[in-house]
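S.K.: Sharing a structure, written as C-alpha cells. Questions coming.
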Amino acid sequence: MSVSILRFKFKASILLSALWILCIPFAMAAEKNTFLKKVKVLVYTKNGKGYVHDNIPNAVKCIQKLGQENGFDTDVSDDPSVFTEANLKQYTLLIFPSTNNDVFDTDGQRLAFRRYIEAGGGFVGLHSVTGTERNWQWFKQMLGGTFARHARNQKFTVKVIDPSHPSVAGLPKVWERKDECYFAKELYPGIKVIMAHDVTSLNSSDPADAEKIKTFSAPFSELYPAVWYQQFDGGNVWITALGHDKENYEDPVFIKHILQGINYVAGQYKKIDYSKAYADSRNTPLRY
C-alpha cells in the first residue's frame with residue numbers, strides 16, 4: 001500500500017473521530033429529552049383577584065411549541081373544574097405559569113390537586129407561582145415558600161450552584177439577565193436549590209430600596225434561592241422564579257431552561273397511583 005494512501009486513511013480516521021466527538025453533545029442532548037415522549041401536561045393559567053402577569057399567553061405559546069417540537073401533548077385551561085382525580089390522572093405533570101393568589105374555587109379542587117401530587121404527579125411552577133394559594137399551608141410547602149417581595153425589574157446575575165442538575169445543563173454559570181429577583185417567606189427546608197440570585201448584583205442605589213433588599217433577603221447574604229426542586233409528599237416539584245418579561249419566552253436560553261425543568265420532572269414520573277394518596281382534606285397533616 002502506498003504512503004499517500006496510508007496518509008489519506010489516517011487523515012480520514014482523524015476526521016471521522018473528530019466528527020464523532022463533536023456529535024456527542026448533540027446525541028446527549030437528544031437523550032436528555034427522551035423523557036418527554038408520550039408525556040401529557042396540563043398548563044393551568046387561572047389567577048385569583050389581584051395582579052395578573054401579561055407574560056402568561058407568551059408562556060403558554062412557548063410551552064405549546066416545546067410540546068410540538070419535543071413530542072409531548074399539552075392541554076391548557078383556566079377552569080378549576082379540571083381538578084378532579086378522574087381528569088388529573090391522565091397527566092404526567094402540571095405547569096402553573098405565573099399564577100397568583102387563589103386559583104381554585106373550592107376545597108374539593110384543592111384536595112384533588114393534593115391527592116394528584118401524593119399519587120406521584122409532577123409539578124412545574126414558573127415565576128410568580130410562589131404567590132399562588134398564599135393561605136394554604138400544604139401548597140406553600142409544596143412550592144417551597146410563599147411570595148414576600150421582589151426587587152424592581154432590572155439587570156442582575158443568577159448563579160448556578162448545582163451544575164450537575166439537568167435543568168441547568170448548557171446554561172451560563174453566571175447568567176446576567178433582566179428579570180425580577182423574587183424573595184419568599186415561610187421557606188420550606190426540603191427544597192434543593194439549583195440556581196441563586198446574586199443579591200449583590202442588584203442596583204440598590206436608593207437607600208430605602210437597599211434596606212428592603214437587605215430585609216427580605218435575610219437570613220441569606222449574597223445568594224438567594226432562584227431555582228429549586230424537591231420530592232414532596234409523593235410527587236416531584238421544580239420551580240423557577242425567573243421569567244417575568246414576555247420576551248423571556250422567546251429567549252432560547254430561558255426556553256432551554258424551562259424545557260429542561262419539564263424534562264426533569266417528567267423523568268421522575270412512574271405512574272399515577274391513587275392508592276398512595278392519603279389526604280381526605282386540603283389540610284390533612286403532612287406525612288413525612
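As shown in the C-alpha cells, the chain order sets the letters A, B, ...; within each chain, residues go from 1, and ligands are also counted from 1 in the order they appear.
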Neighbouring residues of Val237 in chain A were defined as those with any atom within 6 Å, considering only C-alpha atoms; residues of the same chain fewer than 5 positions away were excluded. Please report them as a list in words.
M.R.: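 Listing them by chain and then by number gives Gly122, Phe123, Val124, Tyr229 and Gln230 of chain A.
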S.K.: Those residues you just picked out, can you put them in a file as a PDB file, in the first residue's frame with N, CA, C and O atoms?
M.R.:
```pdb
ATOM      1  N   GLY A 122     -46.450  15.230  38.904  1.00  0.00           N
ATOM      2  CA  GLY A 122     -45.372  16.211  38.847  1.00  0.00           C
ATOM      3  C   GLY A 122     -45.904  17.623  38.779  1.00  0.00           C
ATOM      4  O   GLY A 122     -47.049  17.861  38.377  1.00  0.00           O
ATOM      5  N   PHE A 123     -45.057  18.576  39.169  1.00  0.00           N
ATOM      6  CA  PHE A 123     -45.463  19.985  39.176  1.00  0.00           C
ATOM      7  C   PHE A 123     -44.296  20.853  38.741  1.00  0.00           C
ATOM      8  O   PHE A 123     -43.167  20.703  39.247  1.00  0.00           O
ATOM      9  N   VAL A 124     -44.568  21.774  37.801  1.00  0.00           N
ATOM     10  CA  VAL A 124     -43.590  22.776  37.373  1.00  0.00           C
ATOM     11  C   VAL A 124     -44.216  24.144  37.566  1.00  0.00           C
ATOM     12  O   VAL A 124     -45.334  24.397  37.100  1.00  0.00           O
ATOM     13  N   TYR A 229     -35.760  22.377  43.346  1.00  0.00           N
ATOM     14  CA  TYR A 229     -36.619  21.215  43.137  1.00  0.00           C
ATOM     15  C   TYR A 229     -36.771  20.494  44.463  1.00  0.00           C
ATOM     16  O   TYR A 229     -36.013  20.731  45.419  1.00  0.00           O
ATOM     17  N   GLN A 230     -37.741  19.615  44.529  1.00  0.00           N
ATOM     18  CA  GLN A 230     -37.867  18.742  45.681  1.00  0.00           C
ATOM     19  C   GLN A 230     -38.802  17.579  45.361  1.00  0.00           C
ATOM     20  O   GLN A 230     -39.680  17.685  44.500  1.00  0.00           O
TER      21      GLN A 230
END
```
S.K.: Would you kindly return, as a PyMOL selection string, each protein, DNA or RNA residue with an atom no farther than 10 Å from any atom of range 191-198 of chain A, considering only C-alpha atoms and excluding same-chain residues fewer than 2 positions away?
M.R.: chain A and resi 141-145+156-168+173-176+180-183+187-189+200-202+217+221-232+237-242
S.K.: Based on DSSP run over this structure's backbone, return all residues of range 36-92 of chain A in alpha helix (DSSP H), as a VMD selection string.
M.R.: chain A and resid 56 to 70 85 to 88
S.K.: So the first atom is CA of Gln137 in chain A and the second is CA of Asp105 in chain A; what is the distance between them in Å, to one decimal place?
M.R.: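 The value is 16.6 Å.
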S.K.: Please provide as a list in words all residues within 8 Å of Gln109 in chain A, with the sequence filter that same-chain residues fewer than 5 positions apart are discarded (counting only C-alpha atoms).
M.R.: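 That gives Pro80, Ser81, Phe83, Thr84 and Phe104 of chain A.
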S.K.: Would you mind telling me which residue in A:Asn236, A:Ser98, A:Asn283, A:Thr215 lies nearest to Ala184 in chain A when using only C-alpha atoms?
M.R.: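 Under the stated criterion, the closest residue is A:Thr215.
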S.K.: From the set A:Lys276, A:Lys178, A:Lys256, A:Arg134, which residue has the shortest atom-to-atom contact distance to Asn70 in chain A, counting only C-alpha atoms?
M.R.: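 Counting only C-alpha atoms, the residue closest to Asn70 in chain A is A:Lys256.
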S.K.: Please list as a list in words every residue within 6 Å of Glu118 in chain A, counting only C-alpha atoms and excluding residues in the same chain fewer than 6 positions away.
M.R.: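 Counting only C-alpha atoms, the residues come to Asp233, Gly234, Gly235 and Ala277 of chain A.
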S.K.: What does the file look like for those residues with N, CA and C atoms, as a compact mmCIF listing (two decimals), in the first residue's frame?
M.R.:
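What landed in selection-v5.txt:
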```txt
# COMPACT_ATOMS: atom_id res chain seq x y z
N ASP A 233 -44.13 14.89 49.28
CA ASP A 233 -45.40 14.22 49.57
C ASP A 233 -45.83 13.29 48.43
N GLY A 234 -44.85 12.59 47.86
CA GLY A 234 -45.15 11.62 46.81
C GLY A 234 -44.91 12.11 45.40
N GLY A 235 -44.85 13.42 45.21
CA GLY A 235 -44.68 14.00 43.88
C GLY A 235 -43.33 14.64 43.69
N ALA A 277 -52.30 8.01 47.74
CA ALA A 277 -52.84 9.30 48.21
C ALA A 277 -53.59 9.07 49.52
```
S.K.: Which neighbours of Gly120 in chain A fall inside 12 Å, counting only C-alpha atoms, when residues of the same chain fewer than 4 positions from it are skipped, and could you give them as a PyMOL selection string?
M.R.: chain A and resi 88-94+113-116+231-237+265-266+268-278
S.K.: Any idea what's packed within 12 Å of range 62-69 of chain A, counting only C-alpha atoms, ignoring anything in its chain fewer than 5 positions away? Could you give it as a PyMOL selection string?
M.R.: chain A and resi 30+33+36-44+55-57+74-76+94-97+124+126+243+246-252+254-263
S.K.: In Å, with one decimal, what is the gap from CA of Asp79 in chain A to CA of Leu286 in chain A?
M.R.: 27.0 Å
S.K.: Apply DSSP to the structure's backbone, then extract all residues of range 87-221 of chain A labelled strand (DSSP E) and return them as an MDAnalysis selection string.
M.R.: chainID A and resid 93:97 122:126 146:150 154:160 174:179 182:185 192:198
S.K.: May I have the selected residues written with N, CA, C and O atoms, as a compact mmCIF listing (two decimals), in the first residue's frame?
M.R.:
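Result file follows (out-v3.txt):
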```
# COMPACT_ATOMS: atom_id res chain seq x y z
N LEU A 93 -47.52 15.72 34.38
CA LEU A 93 -47.21 16.85 35.24
C LEU A 93 -48.13 18.02 34.93
O LEU A 93 -48.74 18.09 33.86
N LEU A 94 -48.21 18.92 35.89
CA LEU A 94 -48.99 20.15 35.78
C LEU A 94 -48.02 21.32 35.74
O LEU A 94 -47.02 21.32 36.46
N ILE A 95 -48.33 22.34 34.93
CA ILE A 95 -47.48 23.52 34.84
C ILE A 95 -48.33 24.74 35.18
O ILE A 95 -49.39 24.97 34.58
N PHE A 96 -47.87 25.53 36.15
CA PHE A 96 -48.54 26.78 36.54
C PHE A 96 -47.62 27.93 36.14
O PHE A 96 -46.65 28.22 36.82
N PRO A 97 -47.90 28.63 35.02
CA PRO A 97 -47.04 29.73 34.58
C PRO A 97 -47.50 31.08 35.16
O PRO A 97 -48.54 31.61 34.78
N GLY A 122 -46.45 15.23 38.90
CA GLY A 122 -45.37 16.21 38.85
C GLY A 122 -45.90 17.62 38.78
O GLY A 122 -47.05 17.86 38.38
N PHE A 123 -45.06 18.58 39.17
CA PHE A 123 -45.46 19.98 39.18
C PHE A 123 -44.30 20.85 38.74
O PHE A 123 -43.17 20.70 39.25
N VAL A 124 -44.57 21.77 37.80
CA VAL A 124 -43.59 22.78 37.37
C VAL A 124 -44.22 24.14 37.57
O VAL A 124 -45.33 24.40 37.10
N GLY A 125 -43.52 25.03 38.27
CA GLY A 125 -44.02 26.38 38.52
C GLY A 125 -43.08 27.42 37.97
O GLY A 125 -41.86 27.31 38.13
N LEU A 126 -43.64 28.43 37.30
CA LEU A 126 -42.84 29.49 36.70
C LEU A 126 -43.10 30.83 37.36
O LEU A 126 -44.25 31.18 37.67
N THR A 146 -43.53 31.03 50.06
CA THR A 146 -44.59 31.88 49.52
C THR A 146 -44.07 33.31 49.33
O THR A 146 -43.19 33.77 50.07
N PHE A 147 -44.59 33.97 48.33
CA PHE A 147 -44.09 35.28 47.91
C PHE A 147 -44.06 36.30 49.04
O PHE A 147 -45.02 36.42 49.81
N ALA A 148 -42.96 37.03 49.14
CA ALA A 148 -42.83 38.12 50.11
C ALA A 148 -42.68 39.46 49.39
O ALA A 148 -43.39 40.42 49.69
N ARG A 149 -41.76 39.52 48.42
CA ARG A 149 -41.49 40.77 47.71
C ARG A 149 -40.55 40.46 46.55
O ARG A 149 -39.90 39.42 46.54
N HIS A 150 -40.49 41.38 45.58
CA HIS A 150 -39.45 41.27 44.57
C HIS A 150 -38.81 42.64 44.38
O HIS A 150 -39.44 43.68 44.57
N GLN A 154 -34.92 44.59 36.67
CA GLN A 154 -33.62 45.17 36.33
C GLN A 154 -32.67 44.07 35.89
O GLN A 154 -32.96 42.88 36.00
N LYS A 155 -31.50 44.48 35.39
CA LYS A 155 -30.45 43.52 35.07
C LYS A 155 -29.71 43.14 36.35
O LYS A 155 -29.32 44.00 37.13
N PHE A 156 -29.55 41.84 36.55
CA PHE A 156 -28.74 41.34 37.66
C PHE A 156 -28.28 39.95 37.26
O PHE A 156 -28.55 39.48 36.16
N THR A 157 -27.55 39.27 38.13
CA THR A 157 -26.99 37.97 37.77
C THR A 157 -27.59 36.86 38.63
O THR A 157 -27.95 37.07 39.79
N VAL A 158 -27.68 35.72 38.00
CA VAL A 158 -28.13 34.49 38.67
C VAL A 158 -27.00 33.48 38.50
O VAL A 158 -26.41 33.37 37.41
N LYS A 159 -26.68 32.76 39.57
CA LYS A 159 -25.54 31.84 39.53
C LYS A 159 -26.00 30.39 39.69
O LYS A 159 -26.86 30.09 40.53
N VAL A 160 -25.42 29.52 38.89
CA VAL A 160 -25.66 28.09 39.04
C VAL A 160 -24.86 27.59 40.23
O VAL A 160 -23.64 27.77 40.28
N VAL A 174 -22.76 31.92 35.28
CA VAL A 174 -23.18 33.22 35.80
C VAL A 174 -24.04 33.85 34.71
O VAL A 174 -23.55 34.23 33.66
N TRP A 175 -25.31 33.94 34.99
CA TRP A 175 -26.30 34.29 33.97
C TRP A 175 -26.80 35.72 34.22
O TRP A 175 -27.55 35.96 35.16
N GLU A 176 -26.36 36.65 33.39
CA GLU A 176 -26.85 38.02 33.51
C GLU A 176 -28.15 38.14 32.72
O GLU A 176 -28.22 37.79 31.56
N ARG A 177 -29.18 38.64 33.40
CA ARG A 177 -30.48 38.72 32.74
C ARG A 177 -31.30 39.86 33.35
O ARG A 177 -31.05 40.29 34.47
N LYS A 178 -32.27 40.33 32.57
CA LYS A 178 -33.21 41.32 33.06
C LYS A 178 -34.44 40.58 33.58
O LYS A 178 -35.09 39.86 32.83
N ASP A 179 -34.74 40.75 34.84
CA ASP A 179 -35.81 39.97 35.45
C ASP A 179 -36.16 40.60 36.80
O ASP A 179 -35.64 41.66 37.16
N TYR A 182 -36.99 37.54 43.02
CA TYR A 182 -38.07 37.22 43.95
C TYR A 182 -37.53 36.78 45.31
O TYR A 182 -36.58 36.01 45.40
N PHE A 183 -38.19 37.27 46.36
CA PHE A 183 -37.91 36.85 47.72
C PHE A 183 -39.17 36.17 48.27
O PHE A 183 -40.29 36.51 47.91
N ALA A 184 -38.95 35.22 49.16
CA ALA A 184 -40.06 34.46 49.71
C ALA A 184 -40.00 34.46 51.23
O ALA A 184 -39.00 34.84 51.84
N LYS A 185 -41.09 34.03 51.84
CA LYS A 185 -41.14 33.78 53.28
C LYS A 185 -41.67 32.36 53.48
O LYS A 185 -42.09 31.72 52.51
N LYS A 192 -34.18 21.83 47.33
CA LYS A 192 -32.78 21.73 46.95
C LYS A 192 -32.52 22.77 45.87
O LYS A 192 -33.06 22.70 44.77
N VAL A 193 -31.70 23.75 46.19
CA VAL A 193 -31.51 24.92 45.33
C VAL A 193 -30.50 24.59 44.22
O VAL A 193 -29.45 24.01 44.46
N ILE A 194 -30.88 24.99 43.01
CA ILE A 194 -30.04 24.75 41.82
C ILE A 194 -29.36 26.03 41.36
O ILE A 194 -28.20 26.03 40.97
N MET A 195 -30.12 27.14 41.35
CA MET A 195 -29.59 28.45 40.96
C MET A 195 -29.96 29.47 42.02
O MET A 195 -30.99 29.32 42.71
N ALA A 196 -29.15 30.49 42.14
CA ALA A 196 -29.38 31.51 43.16
C ALA A 196 -29.23 32.91 42.59
O ALA A 196 -28.35 33.16 41.75
N HIS A 197 -30.11 33.81 43.01
CA HIS A 197 -29.96 35.23 42.69
C HIS A 197 -28.71 35.75 43.37
O HIS A 197 -28.49 35.49 44.57
N ASP A 198 -27.89 36.49 42.65
CA ASP A 198 -26.76 37.20 43.27
C ASP A 198 -27.29 38.54 43.75
O ASP A 198 -27.41 39.49 42.98
```
S.K.: So how far away is CA of Ser77 in chain A from CA of Asn47 in chain A, in Å?
M.R.: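 Here the two named atoms are 11.4 Å from each other.
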